[in-house]
file start-v8.pdb (PDB, C-alpha atoms)
ATOM      1  CA  MET A 572      33.255-123.779  70.962
ATOM      2  CA  PHE A 573      29.579-123.914  72.029
ATOM      3  CA  ARG A 574      28.827-120.607  70.255
ATOM      4  CA  ILE A 575      30.540-121.823  67.106
ATOM      5  CA  ILE A 576      28.483-125.020  67.027
ATOM      6  CA  ILE A 577      25.233-123.135  67.763
ATOM      7  CA  SER A 578      26.025-120.547  65.092
ATOM      8  CA  ILE A 579      26.747-123.230  62.496
ATOM      9  CA  ILE A 580      23.263-124.615  63.212
ATOM     10  CA  LEU A 581      21.394-121.317  63.470
ATOM     11  CA  TRP A 582      22.790-119.517  60.411
ATOM     12  CA  PRO A 583      21.456-122.026  57.828
ATOM     13  CA  LEU A 584      18.135-122.287  59.682
ATOM     14  CA  ALA A 585      17.693-118.513  59.853
ATOM     15  CA  LEU A 586      18.713-118.132  56.202
ATOM     16  CA  LEU A 587      16.239-120.799  55.125
ATOM     17  CA  VAL A 588      13.382-119.141  57.032
ATOM     18  CA  PHE A 589      14.406-115.729  55.684
ATOM     19  CA  LEU A 590      14.417-116.903  52.062
ATOM     20  CA  LEU A 591      11.069-118.656  52.528
ATOM     21  CA  PHE A 592       9.395-115.512  53.815
ATOM     22  CA  VAL A 593      11.105-113.362  51.172
ATOM     23  CA  ALA A 594       9.706-115.607  48.434
ATOM     24  CA  ILE A 595       6.200-115.435  49.916
ATOM     25  CA  PHE A 596       6.427-111.667  50.385
ATOM     26  CA  LEU A 597       7.588-111.018  46.830
ATOM     27  CA  LEU A 598       4.794-113.228  45.486
ATOM     28  CA  LEU A 599       2.192-111.381  47.547
ATOM     29  CA  ARG A 600       3.753-108.053  46.593
ATOM     30  CA  LEU A 601       2.780-108.713  42.961
ATOM     31  CA  PHE A 602      -0.853-108.259  43.972
ATOM     32  CA  ILE A 603      -0.818-106.340  47.257
ATOM     33  CA  LYS A 604       0.725-102.995  48.221
ATOM     34  CA  PRO A 605       3.188-102.847  51.161
ATOM     35  CA  ILE A 606       0.847-101.340  53.794
ATOM     36  CA  PRO A 607      -1.728-104.188  53.809
ATOM     37  CA  LEU A 608       1.154-106.671  53.921
ATOM     38  CA  PHE A 609       2.449-105.400  57.248
ATOM     39  CA  PRO A 610       0.784-108.099  59.432
ATOM     40  CA  PHE A 611       2.584-110.731  57.349
ATOM     41  CA  VAL A 612       5.875-108.826  57.660
ATOM     42  CA  ARG A 613       5.407-108.542  61.437
ATOM     43  CA  PHE A 614       4.887-112.306  61.712
ATOM     44  CA  ALA A 615       7.859-112.988  59.414
ATOM     45  CA  CYS A 616      10.141-110.785  61.541
ATOM     46  CA  ARG A 617       9.224-112.716  64.673
ATOM     47  CA  MET A 618       9.775-116.070  62.971
ATOM     48  CA  MET A 619      13.151-114.870  61.687
ATOM     49  CA  MET A 620      14.276-114.032  65.207
ATOM     50  CA  LEU A 621      13.056-117.366  66.552
ATOM     51  CA  ALA A 622      14.919-119.197  63.800
ATOM     52  CA  ALA A 623      18.053-117.338  64.900
ATOM     53  CA  GLY A 624      17.540-118.400  68.518
ATOM     54  CA  GLN A 625      16.142-115.069  69.732
ATOM     55  CA  TRP A 626      13.026-114.435  71.826
ATOM     56  CA  LEU A 627      11.498-110.981  71.461
ATOM     57  CA  ARG A 628      10.339-109.163  74.592
ATOM     58  CA  ILE A 629       8.359-105.924  74.231
ATOM     59  CA  GLU A 630       8.269-103.324  76.993
ATOM     60  CA  GLY A 631       6.551 -99.961  77.214
ATOM     61  CA  ASN A 632       3.373 -98.760  75.571
ATOM     62  CA  LEU A 633       3.124 -99.228  71.819
ATOM     63  CA  PRO A 634       1.785 -96.053  70.161
ATOM     64  CA  ASP A 635      -1.779 -96.102  68.858
ATOM     65  CA  LYS A 636      -1.724 -96.654  65.103
ATOM     66  CA  ASN A 637      -4.455 -94.029  64.738
ATOM     67  CA  GLY A 638      -1.976 -91.388  65.919
ATOM     68  CA  GLN A 639       0.339 -91.823  62.948
ATOM     69  CA  PRO A 640       2.666 -90.797  61.516
ATOM     70  CA  TYR A 641       5.461 -91.556  63.974
ATOM     71  CA  LEU A 642       9.211 -91.268  63.719
ATOM     72  CA  TYR A 643      10.759 -94.136  65.698
ATOM     73  CA  LEU A 644      14.342 -93.241  66.675
ATOM     74  CA  PHE A 645      16.441 -96.092  68.094
ATOM     75  CA  ASN A 646      19.958 -97.126  69.080
ATOM     76  CA  HIS A 647      21.547 -99.284  66.372
ATOM     77  CA  GLU A 648      22.983-102.474  67.907
ATOM     78  CA  SER A 649      22.782-105.314  65.429
ATOM     79  CA  MET A 650      21.439-106.825  62.231
ATOM     80  CA  PHE A 651      18.479-107.894  64.377
ATOM     81  CA  ASP A 652      17.329-104.287  64.881
ATOM     82  CA  PRO A 653      14.948-104.008  61.888
ATOM     83  CA  PHE A 654      13.429-107.374  62.765
ATOM     84  CA  MET A 655      12.872-106.254  66.370
ATOM     85  CA  LEU A 656      11.079-103.114  65.224
ATOM     86  CA  GLY A 657       9.184-104.849  62.436
ATOM     87  CA  GLY A 658       8.086-107.594  64.816
ATOM     88  CA  SER A 659       6.862-105.155  67.467
ATOM     89  CA  VAL A 660       5.131-102.158  65.906
ATOM     90  CA  LYS A 661       1.487-102.832  65.039
ATOM     91  CA  HIS A 662       1.278-100.731  61.884
ATOM     92  CA  TYR A 663       3.176-100.245  58.627
ATOM     93  CA  ILE A 664       6.592 -98.665  58.999
ATOM     94  CA  THR A 665       9.402 -98.125  56.568
ATOM     95  CA  GLY A 666      12.843 -96.624  56.910
ATOM     96  CA  VAL A 667      15.895 -94.901  55.505
ATOM     97  CA  GLY A 668      18.855 -97.179  54.862
ATOM     98  CA  ALA A 669      22.445 -96.830  53.725
ATOM     99  CA  ASN A 670      22.648 -96.946  49.943
ATOM    100  CA  HIS A 671      24.977 -99.962  49.900
ATOM    101  CA  GLN A 672      22.290-102.129  51.527
ATOM    102  CA  PHE A 673      20.175-101.792  48.396
ATOM    103  CA  SER A 674      22.896-103.502  46.355
ATOM    104  CA  TYR A 675      22.694-106.710  48.400
ATOM    105  CA  PRO A 676      21.256-109.496  46.172
ATOM    106  CA  VAL A 677      18.149-110.426  48.188
ATOM    107  CA  TRP A 678      17.947-107.938  51.063
ATOM    108  CA  GLY A 679      18.323-104.886  48.815
ATOM    109  CA  PHE A 680      15.525-105.932  46.474
ATOM    110  CA  LEU A 681      13.308-106.807  49.429
ATOM    111  CA  ILE A 682      13.614-103.495  51.279
ATOM    112  CA  LYS A 683      13.180-101.555  48.049
ATOM    113  CA  ARG A 684       9.932-103.391  47.334
ATOM    114  CA  TYR A 685       8.826-102.686  50.888
ATOM    115  CA  GLY A 686       9.271 -98.936  50.466
ATOM    116  CA  ALA A 687      12.586 -98.183  52.181
ATOM    117  CA  ILE A 688      14.514 -95.130  50.987
ATOM    118  CA  PRO A 689      18.247 -95.364  50.143
ATOM    119  CA  ILE A 690      20.540 -92.622  51.400
ATOM    120  CA  LYS A 691      24.138 -91.808  50.390
ATOM    121  CA  ARG A 692      25.545 -90.404  53.616
ATOM    122  CA  LYS A 693      28.807 -89.204  52.069
ATOM    123  CA  LYS A 694      27.057 -87.250  49.297
ATOM    124  CA  LEU A 695      25.272 -84.339  50.951
ATOM    125  CA  THR A 696      23.023 -83.357  48.021
ATOM    126  CA  GLU A 697      21.735 -86.896  47.509
ATOM    127  CA  ALA A 698      21.344 -87.428  51.256
ATOM    128  CA  ILE A 699      19.217 -84.289  51.513
ATOM    129  CA  HIS A 700      17.100 -85.487  48.584
ATOM    130  CA  SER A 701      16.484 -88.827  50.347
ATOM    131  CA  LEU A 702      15.428 -87.019  53.511
ATOM    132  CA  ASP A 703      13.106 -84.807  51.438
ATOM    133  CA  ILE A 704      11.399 -87.969  50.172
ATOM    134  CA  ALA A 705      11.069 -89.227  53.758
ATOM    135  CA  GLU A 706       9.567 -85.903  54.841
ATOM    136  CA  GLU A 707       6.984 -86.045  52.062
ATOM    137  CA  SER A 708       6.075 -89.613  53.040
ATOM    138  CA  ILE A 709       5.645 -88.550  56.668
ATOM    139  CA  ARG A 710       3.355 -85.718  55.584
ATOM    140  CA  ASN A 711       1.309 -88.385  53.784
ATOM    141  CA  GLY A 712       0.921 -90.343  57.014
ATOM    142  CA  ILE A 713       3.720 -92.923  56.682
ATOM    143  CA  SER A 714       5.680 -93.810  59.832
ATOM    144  CA  PHE A 715       9.464 -94.255  59.714
ATOM    145  CA  ILE A 716      12.205 -95.962  61.676
ATOM    146  CA  ILE A 717      15.600 -94.238  61.642
ATOM    147  CA  SER A 718      18.737 -94.787  63.669
ATOM    148  CA  PRO A 719      20.311 -91.404  64.487
ATOM    149  CA  GLU A 720      23.696 -93.167  64.725
ATOM    150  CA  GLY A 721      23.458 -94.167  61.079
ATOM    151  CA  THR A 722      25.399 -97.397  61.566
ATOM    152  CA  ARG A 723      25.685-100.261  64.023
ATOM    153  CA  THR A 724      27.724 -99.814  67.170
ATOM    154  CA  VAL A 725      31.037-101.662  67.405
ATOM    155  CA  SER A 726      31.422-101.094  71.140
ATOM    156  CA  GLY A 727      27.940-101.766  72.523
ATOM    157  CA  GLN A 728      27.526 -98.085  73.384
ATOM    158  CA  MET A 729      25.604 -95.486  71.402
ATOM    159  CA  GLY A 730      27.722 -93.638  68.894
ATOM    160  CA  PRO A 731      27.431 -89.980  67.842
ATOM    161  CA  PHE A 732      24.063 -88.912  66.473
ATOM    162  CA  LYS A 733      23.679 -87.483  62.979
ATOM    163  CA  LYS A 734      21.454 -84.469  62.400
ATOM    164  CA  GLY A 735      19.387 -85.853  59.513
ATOM    165  CA  PRO A 736      16.528 -87.418  61.514
ATOM    166  CA  PHE A 737      16.131 -84.255  63.570
ATOM    167  CA  HIS A 738      15.925 -82.080  60.468
ATOM    168  CA  VAL A 739      13.094 -84.368  59.339
ATOM    169  CA  ALA A 740      11.352 -84.045  62.701
ATOM    170  CA  LEU A 741      11.595 -80.258  62.873
ATOM    171  CA  LYS A 742      10.394 -79.826  59.281
ATOM    172  CA  THR A 743       7.377 -82.136  59.679
ATOM    173  CA  SER A 744       6.515 -81.816  63.417
ATOM    174  CA  VAL A 745       6.079 -85.593  63.403
ATOM    175  CA  THR A 746       5.538 -87.351  66.734
ATOM    176  CA  ILE A 747       8.838 -88.899  67.833
ATOM    177  CA  VAL A 748       8.922 -92.241  69.647
ATOM    178  CA  PRO A 749      12.262 -92.984  71.369
ATOM    179  CA  VAL A 750      13.069 -96.700  71.315
ATOM    180  CA  ALA A 751      15.751 -98.700  73.120
ATOM    181  CA  LEU A 752      17.004-101.987  71.674
ATOM    182  CA  ILE A 753      18.660-104.182  74.273
ATOM    183  CA  GLY A 754      20.406-107.527  73.832
ATOM    184  CA  ALA A 755      20.884-107.304  70.071
ATOM    185  CA  TYR A 756      24.569-106.369  70.372
ATOM    186  CA  LYS A 757      25.206-109.440  72.495
ATOM    187  CA  ALA A 758      23.184-111.592  70.109
ATOM    188  CA  LYS A 759      25.175-110.626  66.998
ATOM    189  CA  LYS A 760      27.995-108.092  67.010
ATOM    190  CA  LYS A 761      28.901-106.285  63.825
ATOM    191  CA  THR A 762      32.483-107.531  64.144
ATOM    192  CA  ASP A 763      31.659-111.186  64.919
ATOM    193  CA  TRP A 764      29.927-113.754  62.691
ATOM    194  CA  LYS A 765      28.732-115.867  65.614
ATOM    195  CA  ILE A 766      25.172-115.752  66.978
ATOM    196  CA  ASN A 767      24.440-115.855  70.683
ATOM    197  CA  PRO A 768      20.880-117.137  71.423
ATOM    198  CA  GLY A 769      18.946-115.166  74.016
ATOM    199  CA  ILE A 770      16.299-112.525  74.699
ATOM    200  CA  LEU A 771      16.005-109.361  72.619
ATOM    201  CA  THR A 772      14.245-106.547  74.465
ATOM    202  CA  ILE A 773      12.648-103.603  72.717
ATOM    203  CA  ARG A 774      11.547-100.804  75.038
ATOM    204  CA  PHE A 775       9.236 -98.037  73.791
ATOM    205  CA  GLY A 776       9.312 -94.601  75.369
ATOM    206  CA  ASP A 777       6.486 -92.092  75.577
ATOM    207  CA  PRO A 778       5.665 -90.363  72.274
ATOM    208  CA  ILE A 779       6.933 -86.786  71.980
ATOM    209  CA  SER A 780       4.614 -84.615  69.901
ATOM    210  CA  GLY A 781       5.778 -81.851  67.616
ATOM    211  CA  GLU A 782       4.162 -79.374  69.968
ATOM    212  CA  GLN A 783       6.451 -80.551  72.776
ATOM    213  CA  TYR A 784       9.683 -79.926  70.881
ATOM    214  CA  LYS A 785       8.736 -77.062  68.554
ATOM    215  CA  GLU A 786      10.770 -74.548  70.607
ATOM    216  CA  MET A 787      13.939 -76.661  70.447
ATOM    217  CA  ASP A 788      16.664 -76.168  67.878
ATOM    218  CA  ILE A 789      18.245 -79.165  66.200
ATOM    219  CA  ASP A 790      21.043 -79.529  68.772
ATOM    220  CA  LYS A 791      18.712 -79.413  71.763
ATOM    221  CA  LEU A 792      16.339 -81.915  70.156
ATOM    222  CA  GLN A 793      19.256 -84.215  69.361
ATOM    223  CA  ILE A 794      20.456 -84.129  72.978
ATOM    224  CA  HIS A 795      16.925 -84.546  74.320
ATOM    225  CA  ILE A 796      16.212 -87.680  72.249
ATOM    226  CA  ARG A 797      19.605 -89.185  73.037
ATOM    227  CA  GLU A 798      18.894 -88.753  76.748
ATOM    228  CA  LYS A 799      15.476 -90.373  76.351
ATOM    229  CA  ILE A 800      16.913 -93.406  74.568
ATOM    230  CA  GLN A 801      19.716 -93.745  77.132
ATOM    231  CA  GLN A 802      17.176 -93.609  79.969
ATOM    232  CA  LEU A 803      15.245 -96.421  78.301
ATOM    233  CA  ILE A 804      18.422 -98.465  77.899
ATOM    234  CA  ASP A 805      19.178 -97.915  81.579
ATOM    235  CA  ASN A 806      15.645 -99.113  82.398
ATOM    236  CA  LYS A 807      14.489 -95.799  83.843
ATOM    237  CA  SER A 808      11.145 -95.819  82.037
ATOM    238  CA  GLU A 809       8.110 -95.783  84.304
ATOM    239  CA  ASP A 810       5.633 -97.871  82.337
ATOM    240  CA  LYS A 811       6.352-101.403  81.168
ATOM    241  CA  LYS A 812       4.355-104.011  79.316
ATOM    242  CA  LEU A 813       5.697-107.464  78.612
TER     243      LEU A 813
END

call {"tool": "encode", "arguments": {"input": "start-v8.pdb", "output": "structure tokens"}}
result
Amino acid sequence: MFRIIISIILWPLALLVFLLFVAIFLLLRLFIKPIPLFPFVRFACRMMMLAAGQWLRIEGNLPDKNGQPYLYLFNHESMFDPFMLGGSVKHYITGVGANHQFSYPVWGFLIKRYGAIPIKRKKLTEAIHSLDIAEESIRNGISFIISPEGTRTVSGQMGPFKKGPFHVALKTSVTIVPVALIGAYKAKKKTDWKINPGILTIRFGDPISGEQYKEMDIDKLQIHIREKIQQLIDNKSEDKKL
């Protein structure tokens, strides 16, 4: 009963804050390109999480923005995931999202204006085209966030990894940053409308340069990154920064 009452309070509050920041962003976007707007987006992501009863805790060493581009690969736990990443990273990032997200009335228009790339996972030719666009953006210095799982977990455990992000990595030699998201599944499960207030932890692993994985094939790289993310989830990283 407590979670129901809290959720009834938090949902309207979070929605109100979200719509406020969306309106401000879209107004600013008329005059300013997405990259200079990132500090505002970072602040908005943090405020969104606070409005939903979540406190963001950052662990690990954030990559130097001068070393871009990066490919941030993370475990997909919850709707809070993009806000955790957007509220943590200190430079402009965009991502690849399922095509259906772009049809959502407000969210779809917002992420499109921010530079996200839609992908139709069930249509191979169009999916490859979307990844080609991402690769070109990476070559132009743009950093991306991609979940190798492709969709949110329904069990709390990492699901199977798709090969798309690793094709992108091998074709561009981009520096990969493994990221673990912890607490988001408990905060808001895909199969449950209720919100559970608490602490969301985002844990950054050590960057892996293209030189370090250039001898790996796609399967070995996939396994290697999965192991890195799992180690971060299990709190086996050596360096931490709160």

call {"tool": "residues_around", "arguments": {"input": "start-v8.pdb", "residues": "stretch 619-636 of chain A", "least_positions_apart": "6", "cutoff": "7 Å", "atoms": "only C-alpha atoms", "output": "ChimeraX atom specification"}}
result
/A:581-582,584-585,588-589,659-662,768-776,810-813

call {"tool": "residues_around", "arguments": {"input": "start-v8.pdb", "residues": "A:Ile595", "least_positions_apart": "4", "cutoff": "12 Å", "atoms": "all atoms listed in the file", "output": "PyMOL selection string"}}
result
chain A and resi 588-591+599-603+608+611-612+615+681

call {"tool": "residues_around", "arguments": {"input": "start-v8.pdb", "residues": "A:His795", "least_positions_apart": "4", "cutoff": "12 Å", "atoms": "all atoms listed in the file", "output": "number ranges by chain"}}
result
A: 644, 732, 737, 747, 749, 779, 783-784, 787-791, 799-802

call {"tool": "atom_distance", "arguments": {"input": "start-v8.pdb", "atom1": "atom CA of A:Tyr675", "atom2": "atom CA of A:Thr724"}}
result
20.6 Å

call {"tool": "closest_residue", "arguments": {"input": "start-v8.pdb", "among": "A:Thr746, A:Thr665, A:Ser674, A:Ser780", "to": "A:Phe715", "atoms": "all atoms listed in the file"}}
result
A:Thr665

call {"tool": "residues_near_point", "arguments": {"input": "start-v8.pdb", "point": "(32.9, -107.5, 68.2)", "cutoff": "8 Å", "atoms": "all atoms listed in the file", "output": "list in words"}}
result
Val725, Ser726, Lys760, Lys761, Thr762 and Asp763 of chain A

call {"tool": "axis_aligned_box", "arguments": {"input": "start-v8.pdb", "around": "stretch 737-745 of chain A", "padding_each_side": "5 Å", "output": "lines of an AutoDock Vina configuration file"}}
result
center_x = 11.1
center_y = -82.7
center_z = 61.4
size_x = 20.1
size_y = 15.8
size_z = 14.3

call {"tool": "atom_distance", "arguments": {"input": "start-v8.pdb", "atom1": "atom CA of A:Asn806", "atom2": "atom CA of A:Tyr756"}}
result
16.6 Å

call {"tool": "resolve_selection", "arguments": {"input": "start-v8.pdb", "expression": "the PyMOL selection byres ((chain A and resi 702) around 10)", "output": "ChimeraX atom specification"}}
result
/A:667,688-690,697-701,703-708,735-736,738-739

call {"tool": "residues_around", "arguments": {"input": "start-v8.pdb", "residues": "A:Arg723", "least_positions_apart": "5", "cutoff": "9 Å", "atoms": "all atoms listed in the file", "output": "number ranges by chain"}}
result
A: 646-650, 718, 729-730, 756, 760-761

call {"tool": "write_last_selection", "arguments": {"input": "start-v8.pdb", "atoms": "C-alpha atoms", "output": "CSV table (one decimal), in the coordinates of the input"}}
result
chain,number,residue,atom,x,y,z
A,646,ASN,CA,20.0,-97.1,69.1
A,647,HIS,CA,21.5,-99.3,66.4
A,648,GLU,CA,23.0,-102.5,67.9
A,649,SER,CA,22.8,-105.3,65.4
A,650,MET,CA,21.4,-106.8,62.2
A,718,SER,CA,18.7,-94.8,63.7
A,729,MET,CA,25.6,-95.5,71.4
A,730,GLY,CA,27.7,-93.6,68.9
A,756,TYR,CA,24.6,-106.4,70.4
A,760,LYS,CA,28.0,-108.1,67.0
A,761,LYS,CA,28.9,-106.3,63.8

call {"tool": "atom_distance", "arguments": {"input": "start-v8.pdb", "atom1": "atom CA of A:Cys616", "atom2": "atom CA of A:Val593"}}
result
10.7 Å

call {"tool": "residues_around", "arguments": {"input": "start-v8.pdb", "residues": "A:Pro640", "least_positions_apart": "5", "cutoff": "10 Å", "atoms": "all atoms listed in the file", "output": "number ranges by chain"}}
result
A: 663-664, 708-715, 744-747

call {"tool": "resolve_selection", "arguments": {"input": "start-v8.pdb", "expression": "the PyMOL selection byres ((chain A and resi 573) around 12)", "output": "list in words"}}
result
Met572, Arg574, Ile575, Ile576, Ile577, Ser578, Ile579, Ile580, Lys765, Ile766, Asn767 and Pro768 of chain A

call {"tool": "closest_residue", "arguments": {"input": "start-v8.pdb", "among": "A:Asp777, A:Glu720, A:Asp652, A:Glu786", "to": "A:Ala755", "atoms": "all atoms listed in the file"}}
result
A:Asp652

call {"tool": "closest_residue", "arguments": {"input": "start-v8.pdb", "among": "A:Phe614, A:Trp678, A:Phe596, A:Phe645", "to": "A:Gly657", "atoms": "all atoms listed in the file"}}
result
A:Phe614

call {"tool": "closest_residue", "arguments": {"input": "start-v8.pdb", "among": "A:Met618, A:Ile796, A:Ala687, A:Leu587", "to": "A:Ala751", "atoms": "all atoms listed in the file"}}
result
A:Ile796

call {"tool": "build_atoms", "arguments": {"input": "start-v8.pdb", "residues": "stretch 582-604 of chain A", "atoms": "N, CA and C atoms", "output": "PDB file, in the frame of the given file"}}
result
ATOM      1  N   TRP A 582      22.674-120.294  61.645  1.00  0.00           N
ATOM      2  CA  TRP A 582      22.790-119.517  60.411  1.00  0.00           C
ATOM      3  C   TRP A 582      22.028-120.142  59.244  1.00  0.00           C
ATOM      4  N   PRO A 583      22.222-121.433  58.942  1.00  0.00           N
ATOM      5  CA  PRO A 583      21.456-122.026  57.828  1.00  0.00           C
ATOM      6  C   PRO A 583      19.950-122.033  58.089  1.00  0.00           C
ATOM      7  N   LEU A 584      19.559-122.274  59.349  1.00  0.00           N
ATOM      8  CA  LEU A 584      18.135-122.287  59.682  1.00  0.00           C
ATOM      9  C   LEU A 584      17.521-120.900  59.478  1.00  0.00           C
ATOM     10  N   ALA A 585      18.198-119.875  59.996  1.00  0.00           N
ATOM     11  CA  ALA A 585      17.693-118.513  59.853  1.00  0.00           C
ATOM     12  C   ALA A 585      17.651-118.100  58.382  1.00  0.00           C
ATOM     13  N   LEU A 586      18.669-118.475  57.620  1.00  0.00           N
ATOM     14  CA  LEU A 586      18.713-118.132  56.202  1.00  0.00           C
ATOM     15  C   LEU A 586      17.581-118.812  55.443  1.00  0.00           C
ATOM     16  N   LEU A 587      17.315-120.064  55.778  1.00  0.00           N
ATOM     17  CA  LEU A 587      16.239-120.799  55.125  1.00  0.00           C
ATOM     18  C   LEU A 587      14.879-120.145  55.403  1.00  0.00           C
ATOM     19  N   VAL A 588      14.641-119.793  56.663  1.00  0.00           N
ATOM     20  CA  VAL A 588      13.382-119.141  57.032  1.00  0.00           C
ATOM     21  C   VAL A 588      13.275-117.776  56.349  1.00  0.00           C
ATOM     22  N   PHE A 589      14.389-117.044  56.318  1.00  0.00           N
ATOM     23  CA  PHE A 589      14.406-115.729  55.684  1.00  0.00           C
ATOM     24  C   PHE A 589      14.038-115.832  54.202  1.00  0.00           C
ATOM     25  N   LEU A 590      14.676-116.751  53.491  1.00  0.00           N
ATOM     26  CA  LEU A 590      14.417-116.903  52.062  1.00  0.00           C
ATOM     27  C   LEU A 590      12.990-117.367  51.801  1.00  0.00           C
ATOM     28  N   LEU A 591      12.452-118.202  52.673  1.00  0.00           N
ATOM     29  CA  LEU A 591      11.069-118.656  52.528  1.00  0.00           C
ATOM     30  C   LEU A 591      10.108-117.478  52.619  1.00  0.00           C
ATOM     31  N   PHE A 592      10.290-116.651  53.640  1.00  0.00           N
ATOM     32  CA  PHE A 592       9.395-115.512  53.815  1.00  0.00           C
ATOM     33  C   PHE A 592       9.609-114.449  52.737  1.00  0.00           C
ATOM     34  N   VAL A 593      10.846-114.294  52.270  1.00  0.00           N
ATOM     35  CA  VAL A 593      11.105-113.362  51.172  1.00  0.00           C
ATOM     36  C   VAL A 593      10.347-113.791  49.922  1.00  0.00           C
ATOM     37  N   ALA A 594      10.397-115.088  49.616  1.00  0.00           N
ATOM     38  CA  ALA A 594       9.706-115.607  48.434  1.00  0.00           C
ATOM     39  C   ALA A 594       8.195-115.381  48.536  1.00  0.00           C
ATOM     40  N   ILE A 595       7.643-115.638  49.727  1.00  0.00           N
ATOM     41  CA  ILE A 595       6.200-115.435  49.916  1.00  0.00           C
ATOM     42  C   ILE A 595       5.850-113.958  49.804  1.00  0.00           C
ATOM     43  N   PHE A 596       6.684-113.106  50.428  1.00  0.00           N
ATOM     44  CA  PHE A 596       6.427-111.667  50.385  1.00  0.00           C
ATOM     45  C   PHE A 596       6.447-111.142  48.954  1.00  0.00           C
ATOM     46  N   LEU A 597       7.472-111.516  48.194  1.00  0.00           N
ATOM     47  CA  LEU A 597       7.588-111.018  46.830  1.00  0.00           C
ATOM     48  C   LEU A 597       6.435-111.510  45.955  1.00  0.00           C
ATOM     49  N   LEU A 598       5.959-112.713  46.219  1.00  0.00           N
ATOM     50  CA  LEU A 598       4.794-113.228  45.486  1.00  0.00           C
ATOM     51  C   LEU A 598       3.546-112.412  45.830  1.00  0.00           C
ATOM     52  N   LEU A 599       3.344-112.177  47.128  1.00  0.00           N
ATOM     53  CA  LEU A 599       2.192-111.381  47.547  1.00  0.00           C
ATOM     54  C   LEU A 599       2.295-109.946  47.056  1.00  0.00           C
ATOM     55  N   ARG A 600       3.538-109.452  46.990  1.00  0.00           N
ATOM     56  CA  ARG A 600       3.753-108.053  46.593  1.00  0.00           C
ATOM     57  C   ARG A 600       3.335-107.805  45.144  1.00  0.00           C
ATOM     58  N   LEU A 601       3.240-108.861  44.341  1.00  0.00           N
ATOM     59  CA  LEU A 601       2.780-108.713  42.961  1.00  0.00           C
ATOM     60  C   LEU A 601       1.331-108.248  42.909  1.00  0.00           C
ATOM     61  N   PHE A 602       0.576-108.555  43.973  1.00  0.00           N
ATOM     62  CA  PHE A 602      -0.853-108.259  43.972  1.00  0.00           C
ATOM     63  C   PHE A 602      -1.284-107.281  45.070  1.00  0.00           C
ATOM     64  N   ILE A 603      -0.430-107.128  46.084  1.00  0.00           N
ATOM     65  CA  ILE A 603      -0.818-106.340  47.257  1.00  0.00           C
ATOM     66  C   ILE A 603       0.235-105.279  47.525  1.00  0.00           C
ATOM     67  N   LYS A 604      -0.197-104.074  47.880  1.00  0.00           N
ATOM     68  CA  LYS A 604       0.725-102.995  48.221  1.00  0.00           C
ATOM     69  C   LYS A 604       1.350-103.243  49.597  1.00  0.00           C
TER      70      LYS A 604
END
